[in-house]
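J.: I am attaching a structure below and will ask some questions about it afterwards.
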There are 2 protein chains.
Amino acid sequence: MPELRKDPVTGRWVIISTERARRPDQLRNQPFRHPGGFCPFCPGNEAKTPPEVLAYRKGNAEKVANGSGWSLRVVPNKFPALGIEGTLDRHGDGLYDHMNGVGAHEVIVDSPEHEASFATMSEKQIEDVIWAFRDRITDLKRDKRFRYILLFKNHGDAAGATHGHPHCQLIALPIVPTSVRGELDGSKQYWGLKERCIYCDIVRQEQADDVRIVSESQDFLTVAPYAPRFPFETWIIPKQHQSSFEDSASHTYESLARALKSLIARAEIVLDRPAYNLLIHTSPINMGPREESVSDYYHWHVEFMPAMTRAAGFEWGTGFYINPIPPEEAAKYLREAVISC
Amino acid sequence: MPELRKDPVTGRWVIISTERARRPDQLRNQPFRHPGGFCPFCPGNEAKTPPEVLAYRKGNAEKVANGSGWSLRVVPNKFPALGIEGTLDRHGDGLYDHMNGVGAHEVIVDSPEHEASFATMSEKQIEDVIWAFRDRITDLKRDKRFRYILLFKNHGDAAGATHGHPHCQLIALPIVPTSVRGELDGSKQYWGLKERCIYCDIVRQEQADDVRIVSESQDFLTVAPYAPRFPFETWIIPKQHQSSFEDSASHTYESLARALKSLIARAEIVLDRPAYNLLIHTSPINMGPREESVSDYYHWHVEFMPAMTRAAGFEWGTGFYINPIPPEEAAKYLREAVISC
């Protein structure tokens, strides 16, 4: 069973994962890469993954679970960071806090095509990925042990991807991760001061300033944030206030697919097919008293971070970022990229 | 002039550095690597760096500033992330907060020998590096614009080093970085509850548990933290309570040199000469009312983080870490490594 441990000074929870590589000489290898070009996510290899928890099969395809004919498939991660069985068993050990590493770790296989990417997939296919996110959240939030669901994509080696086949990941956690906690606390404080959502105010100011906008549709603003940690970091913010991704109006998902495809296509032109991380920051689930009125003050959004720069531990160790590209310039590059969609 | 910008939601400050590479196609290059094996930090090339701000020259060597014969040299970074001239000029821009990127960015050249490292240098030479840290802090803290001084080493490509010559870096900042702020807030809260320093309590519990200790001397405990973010993350904690690195008793620096050399030598054996980041977390300088009684509740220490794992943006974007090596095992590997010093 993996363990969750809390740093006693900062309150940051860490997973000590016992299902993964453990010997020092195994650390440098990408433990999940398959030799000889074999891909467990390609059609025909369905038996090489754990049984699917969700799949979309279209039209006349034979609808047999774990059979072929799917356009999208969600399976548990074969080497999960967290285990789905068991109780949390929170306990202390002197100064330290500990709980069992209970959670879900799933892989969303975006497409049957090994070479596809968000830049080349159809908007409809990306929309299906987004609907799969929503379907899985809706299912998993019924489990009262979970407090947060992270949805993310690591694309490319430099961004930590261990499979070439296009996929996203979902991790359901019994705790709220530090960065989300920081956003929740900050936006709650702003609400306490102004009785307004800070993200709604950011959308308004960005529209007025009109220097960091990459693109805008009826539903979304794609914008380089004022204080980006990384070169070409970009956020996609819903223009309508909504705290939880999964509670958005259904037309929102179609609109988000269009915004995502447009952003990734722009980044592929400007940054020459970069590795990147994409993640959704949304409200906690099964909320406690600390999150009272979160639906007023928090506002879900997407964060896109190309993996352009090398330094790692230093930023990790300090929370201190040096970004060589002003967001106004990054936005201009992305805005002016000529895309076909 | 570089800019400091504050994220309005999380309060995290970021440097937008305008002195560094700016075009997207320059981002992938290591901008400071010199072609053809030329090293500006090797003896004889003193004119290729900005004029030194400190140097140690020994014995009969001719003591001419920026001449040869030095055993250690501190120079301003040729491509500084922050500029030393000017006023902070804090101002708002609607929601957003901004100040000029005023600060110092210096390079400590550890040794004249290009191939040296902390694993192979003499303890005396490492002690000199530590004294140089202290000398530079003592000088820079007189500048009332600065609130924090970061001292760190990036060793190896994968840890973000852009020079092969052994060196450390110093950044003096007009703000306190997020991670340090997190430690300050957490240890202040603990003090409020218990009237004890949390790091002193950690030292006591680690000695009692005796499962995460790598080594121990009269002055320092070298220990794998209970909730490490990274495989083989290790802290060196002074056993005597002291909030500021630069106020330590002078025998402490000799003792720290021994602890550092021992830790790096162990890591080089167990992890086969890893890239790593090393940093000192110490108290803010020129403290304001928020840091009242920091000398009671905070406790300086060293953090060592080997650059073993690849994923980056995901951890950056979530504050959520998965560590495949329990610290008890990491400590055992390091403890049992046979080193000659």
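Labeling convention for the structure tokens: chains A, B, ... as they appear, residues from 1 per chain, ligands from 1 in order of appearance.
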Could you name the residues that touch Glu303 (chain B) at 7 Å or less, counting only C-alpha atoms, but leaving out those on the same chain fewer than 6 positions away, as a compact mmCIF listing (two decimals) with N, CA and C atoms, in the first residue's frame?
T.:
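Below you can see result_38.txt, which holds the result:
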```txt
# COMPACT_ATOMS: atom_id res chain seq x y z
N THR B 234 17.74 14.98 0.93
CA THR B 234 18.38 14.87 2.24
C THR B 234 18.58 16.26 2.83
N TRP B 235 18.36 16.40 4.12
CA TRP B 235 18.57 17.69 4.79
C TRP B 235 19.75 17.58 5.76
N ILE B 236 20.48 18.68 5.89
CA ILE B 236 21.52 18.78 6.92
C ILE B 236 21.05 19.86 7.90
N LEU B 278 21.62 21.94 -4.40
CA LEU B 278 21.93 22.07 -2.98
C LEU B 278 21.50 23.48 -2.62
N LEU B 279 20.77 23.67 -1.52
CA LEU B 279 20.44 25.04 -1.17
C LEU B 279 20.35 25.26 0.33
N ILE B 280 20.59 26.49 0.71
CA ILE B 280 20.50 26.86 2.13
C ILE B 280 19.19 27.61 2.34
```
J.: Would you mind listing, for every residue of chain B within 6 Å of chain A, the two atoms forming the shortest contact and the distance between them in Å to one decimal, using only C-alpha atoms, sorted by chain and ascending residue number, as a Markdown table?
T.:
```
| residue | atom | partner | partner_atom | distance |
| --- | --- | --- | --- | --- |
| B:Arg5 | CA | A:Ala227 | CA | 5.4 |
| B:Lys6 | CA | A:Ala227 | CA | 5.8 |
| B:Asp7 | CA | A:Ala227 | CA | 5.2 |
| B:Val9 | CA | A:Gly186 | CA | 4.8 |
| B:Thr10 | CA | A:Gly186 | CA | 5.3 |
| B:Val14 | CA | A:Tyr321 | CA | 5.3 |
| B:Ile15 | CA | A:Ile322 | CA | 4.8 |
| B:Ile16 | CA | A:Asn323 | CA | 5.0 |
| B:Ser17 | CA | A:Pro324 | CA | 4.8 |
| B:Arg20 | CA | A:Pro324 | CA | 5.7 |
| B:Arg22 | CA | A:Ile325 | CA | 5.5 |
| B:Ala159 | CA | A:Ala311 | CA | 5.6 |
| B:Gly160 | CA | A:Ala311 | CA | 3.9 |
| B:Pro177 | CA | A:Phe320 | CA | 5.6 |
| B:Thr178 | CA | A:Gly319 | CA | 5.0 |
| B:Ser179 | CA | A:Thr318 | CA | 4.9 |
| B:Gly182 | CA | A:Thr10 | CA | 5.4 |
| B:Glu183 | CA | A:Thr10 | CA | 5.4 |
| B:Gly186 | CA | A:Val9 | CA | 4.8 |
| B:Ser187 | CA | A:Val9 | CA | 5.7 |
| B:Ala227 | CA | A:Asp7 | CA | 5.2 |
| B:Asn277 | CA | A:Gly313 | CA | 5.8 |
| B:Arg310 | CA | A:Gly160 | CA | 5.5 |
| B:Ala311 | CA | A:Gly160 | CA | 3.9 |
| B:Gly313 | CA | A:Asn277 | CA | 5.8 |
| B:Thr318 | CA | A:Ser179 | CA | 4.9 |
| B:Gly319 | CA | A:Ser179 | CA | 5.0 |
| B:Phe320 | CA | A:Pro177 | CA | 5.6 |
| B:Tyr321 | CA | A:Val14 | CA | 5.3 |
| B:Ile322 | CA | A:Ile15 | CA | 4.8 |
| B:Asn323 | CA | A:Ile16 | CA | 5.0 |
| B:Pro324 | CA | A:Ser17 | CA | 4.8 |
| B:Ile325 | CA | A:Arg22 | CA | 5.5 |
| B:Pro326 | CA | A:Ile16 | CA | 5.9 |
```
J.: Please determine, counting only C-alpha atoms, which residue among B:Asp139, B:Pro174, B:Phe245, B:Leu221 has the shortest atom-to-atom distance to Ser295 (chain B).
T.: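 Going through B:Asp139, B:Pro174, B:Phe245, B:Leu221 one by one, the smallest distance to Ser295 (chain B) is for B:Phe245.
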J.: Name the residues in contact with His167 (chain A) at a cut-off of 10 Å, using only C-alpha atoms, excluding same-chain residues fewer than 3 positions from it; report them as a short mmCIF file (atom, residue, chain, number, x, y, z; two decimals) with all heavy atoms, in the first residue's frame.
T.:
```cif
data_model
loop_
_atom_site.label_atom_id
_atom_site.label_comp_id
_atom_site.auth_asym_id
_atom_site.auth_seq_id
_atom_site.Cartn_x
_atom_site.Cartn_y
_atom_site.Cartn_z
N PHE A 41 -1.49 0.76 -25.55
CA PHE A 41 -2.67 1.59 -25.75
C PHE A 41 -3.18 1.52 -27.19
O PHE A 41 -4.21 2.14 -27.51
CB PHE A 41 -2.38 3.05 -25.37
CG PHE A 41 -2.00 3.21 -23.91
CD1 PHE A 41 -1.18 4.25 -23.51
CD2 PHE A 41 -2.50 2.34 -22.94
CE1 PHE A 41 -0.84 4.41 -22.16
CE2 PHE A 41 -2.17 2.49 -21.60
CZ PHE A 41 -1.33 3.53 -21.21
N LEU A 72 -12.17 6.01 -27.68
CA LEU A 72 -11.53 6.54 -26.47
C LEU A 72 -11.69 5.48 -25.39
O LEU A 72 -12.72 4.79 -25.32
CB LEU A 72 -12.20 7.84 -26.04
CG LEU A 72 -11.68 8.49 -24.77
CD1 LEU A 72 -11.76 10.01 -24.87
CD2 LEU A 72 -12.43 8.03 -23.52
N ARG A 73 -10.68 5.36 -24.53
CA ARG A 73 -10.71 4.29 -23.54
C ARG A 73 -10.07 4.79 -22.25
O ARG A 73 -9.06 5.49 -22.29
CB ARG A 73 -9.88 3.14 -24.12
CG ARG A 73 -10.19 1.78 -23.59
CD ARG A 73 -9.56 0.70 -24.45
NE ARG A 73 -9.74 -0.54 -23.72
CZ ARG A 73 -8.78 -1.22 -23.11
NH1 ARG A 73 -7.54 -0.83 -23.19
NH2 ARG A 73 -9.07 -2.31 -22.42
N VAL A 74 -10.67 4.46 -21.09
CA VAL A 74 -10.09 4.83 -19.80
C VAL A 74 -9.80 3.53 -19.04
O VAL A 74 -10.69 2.70 -18.86
CB VAL A 74 -11.05 5.71 -18.97
CG1 VAL A 74 -10.39 6.14 -17.66
CG2 VAL A 74 -11.47 6.95 -19.77
N VAL A 107 -5.71 6.12 -16.69
CA VAL A 107 -5.17 6.64 -17.94
C VAL A 107 -6.32 6.81 -18.93
O VAL A 107 -7.10 5.88 -19.14
CB VAL A 107 -4.13 5.66 -18.54
CG1 VAL A 107 -3.63 6.16 -19.89
CG2 VAL A 107 -2.97 5.46 -17.58
N ILE A 108 -6.43 8.00 -19.50
CA ILE A 108 -7.41 8.25 -20.55
C ILE A 108 -6.67 8.15 -21.89
O ILE A 108 -5.80 8.98 -22.18
CB ILE A 108 -8.06 9.64 -20.42
CG1 ILE A 108 -8.87 9.75 -19.13
CG2 ILE A 108 -8.98 9.95 -21.61
CD1 ILE A 108 -8.17 10.44 -17.99
N VAL A 109 -6.96 7.11 -22.67
CA VAL A 109 -6.34 6.96 -23.98
C VAL A 109 -7.15 7.83 -24.95
O VAL A 109 -8.30 7.53 -25.25
CB VAL A 109 -6.29 5.49 -24.42
CG1 VAL A 109 -5.57 5.35 -25.76
CG2 VAL A 109 -5.62 4.64 -23.36
N ASP A 110 -6.55 8.93 -25.41
CA ASP A 110 -7.29 9.98 -26.13
C ASP A 110 -7.86 9.50 -27.46
O ASP A 110 -8.87 10.03 -27.94
CB ASP A 110 -6.37 11.17 -26.47
CG ASP A 110 -5.76 11.84 -25.26
OD1 ASP A 110 -6.25 11.61 -24.14
OD2 ASP A 110 -4.80 12.61 -25.44
N SER A 111 -7.17 8.55 -28.10
CA SER A 111 -7.49 8.20 -29.48
C SER A 111 -6.91 6.82 -29.78
O SER A 111 -5.89 6.45 -29.17
CB SER A 111 -6.86 9.25 -30.41
OG SER A 111 -6.70 8.74 -31.72
N HIS A 114 -1.95 6.06 -32.71
CA HIS A 114 -0.72 6.22 -31.94
C HIS A 114 -0.05 7.57 -32.19
O HIS A 114 0.59 8.14 -31.30
CB HIS A 114 0.25 5.08 -32.26
CG HIS A 114 1.45 5.03 -31.36
ND1 HIS A 114 1.43 4.36 -30.15
CD2 HIS A 114 2.68 5.58 -31.47
CE1 HIS A 114 2.61 4.49 -29.56
NE2 HIS A 114 3.39 5.23 -30.33
N ALA A 116 -1.52 10.45 -33.07
CA ALA A 116 -2.38 11.63 -32.94
C ALA A 116 -1.87 12.56 -31.83
O ALA A 116 -1.10 12.15 -30.97
CB ALA A 116 -3.80 11.20 -32.62
N SER A 117 -2.27 13.83 -31.88
CA SER A 117 -2.01 14.76 -30.77
C SER A 117 -3.14 15.79 -30.77
O SER A 117 -3.90 15.89 -31.74
CB SER A 117 -0.66 15.45 -30.94
OG SER A 117 -0.80 16.62 -31.71
N PHE A 118 -3.26 16.55 -29.70
CA PHE A 118 -4.31 17.57 -29.62
C PHE A 118 -4.20 18.57 -30.78
O PHE A 118 -5.18 19.21 -31.14
CB PHE A 118 -4.26 18.32 -28.28
CG PHE A 118 -5.04 17.65 -27.17
CD1 PHE A 118 -5.53 16.35 -27.31
CD2 PHE A 118 -5.30 18.32 -25.99
CE1 PHE A 118 -6.26 15.74 -26.28
CE2 PHE A 118 -6.03 17.73 -24.95
CZ PHE A 118 -6.50 16.44 -25.10
N VAL A 129 -12.58 13.55 -25.19
CA VAL A 129 -11.64 13.43 -24.07
C VAL A 129 -12.16 14.25 -22.88
O VAL A 129 -12.17 13.79 -21.73
CB VAL A 129 -10.22 13.92 -24.48
CG1 VAL A 129 -9.29 13.96 -23.27
CG2 VAL A 129 -9.64 13.03 -25.58
N PHE A 152 -4.76 15.70 -15.98
CA PHE A 152 -3.59 16.32 -16.59
C PHE A 152 -3.08 15.50 -17.76
O PHE A 152 -3.40 14.32 -17.90
CB PHE A 152 -2.48 16.51 -15.56
CG PHE A 152 -1.95 15.23 -14.94
CD1 PHE A 152 -0.77 14.66 -15.38
CD2 PHE A 152 -2.66 14.63 -13.90
CE1 PHE A 152 -0.29 13.48 -14.79
CE2 PHE A 152 -2.18 13.46 -13.31
CZ PHE A 152 -1.00 12.89 -13.76
N LYS A 153 -2.29 16.16 -18.59
CA LYS A 153 -1.62 15.51 -19.70
C LYS A 153 -0.14 15.86 -19.63
O LYS A 153 0.23 17.02 -19.52
CB LYS A 153 -2.20 16.00 -21.03
CG LYS A 153 -1.49 15.43 -22.27
CD LYS A 153 -1.97 16.07 -23.57
CE LYS A 153 -3.18 15.37 -24.13
NZ LYS A 153 -2.93 13.99 -24.55
N ASN A 154 0.72 14.82 -19.66
CA ASN A 154 2.16 15.02 -19.88
C ASN A 154 2.41 14.63 -21.33
O ASN A 154 2.19 13.48 -21.70
CB ASN A 154 3.00 14.11 -18.98
CG ASN A 154 2.81 14.41 -17.49
OD1 ASN A 154 2.35 15.48 -17.12
ND2 ASN A 154 3.17 13.45 -16.65
N HIS A 155 2.85 15.57 -22.13
CA HIS A 155 3.08 15.30 -23.56
C HIS A 155 4.57 15.44 -23.86
O HIS A 155 5.13 16.52 -23.71
CB HIS A 155 2.26 16.27 -24.40
CG HIS A 155 2.51 16.17 -25.88
ND1 HIS A 155 1.84 15.27 -26.69
CD2 HIS A 155 3.38 16.82 -26.68
CE1 HIS A 155 2.27 15.39 -27.93
NE2 HIS A 155 3.21 16.32 -27.96
N ALA A 161 6.28 12.41 -19.91
CA ALA A 161 5.45 11.36 -20.50
C ALA A 161 6.26 10.07 -20.59
O ALA A 161 7.44 10.10 -20.91
CB ALA A 161 4.95 11.77 -21.88
N HIS A 163 4.72 7.32 -22.22
CA HIS A 163 4.14 6.63 -23.37
C HIS A 163 4.06 7.61 -24.52
O HIS A 163 3.68 8.77 -24.31
CB HIS A 163 2.71 6.16 -23.07
CG HIS A 163 2.67 4.89 -22.27
ND1 HIS A 163 3.08 3.69 -22.77
CD2 HIS A 163 2.26 4.65 -21.00
CE1 HIS A 163 2.92 2.75 -21.85
NE2 HIS A 163 2.43 3.32 -20.77
N GLY A 164 4.34 7.16 -25.73
CA GLY A 164 4.20 8.01 -26.90
C GLY A 164 2.75 8.14 -27.35
O GLY A 164 2.37 9.14 -27.95
#
```
J.: Please measure the separation of CA of Phe220 (chain B) and CA of Ala259 (chain B), giving the value in Å to one decimal.
T.: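 It comes out at 7.2 Å.
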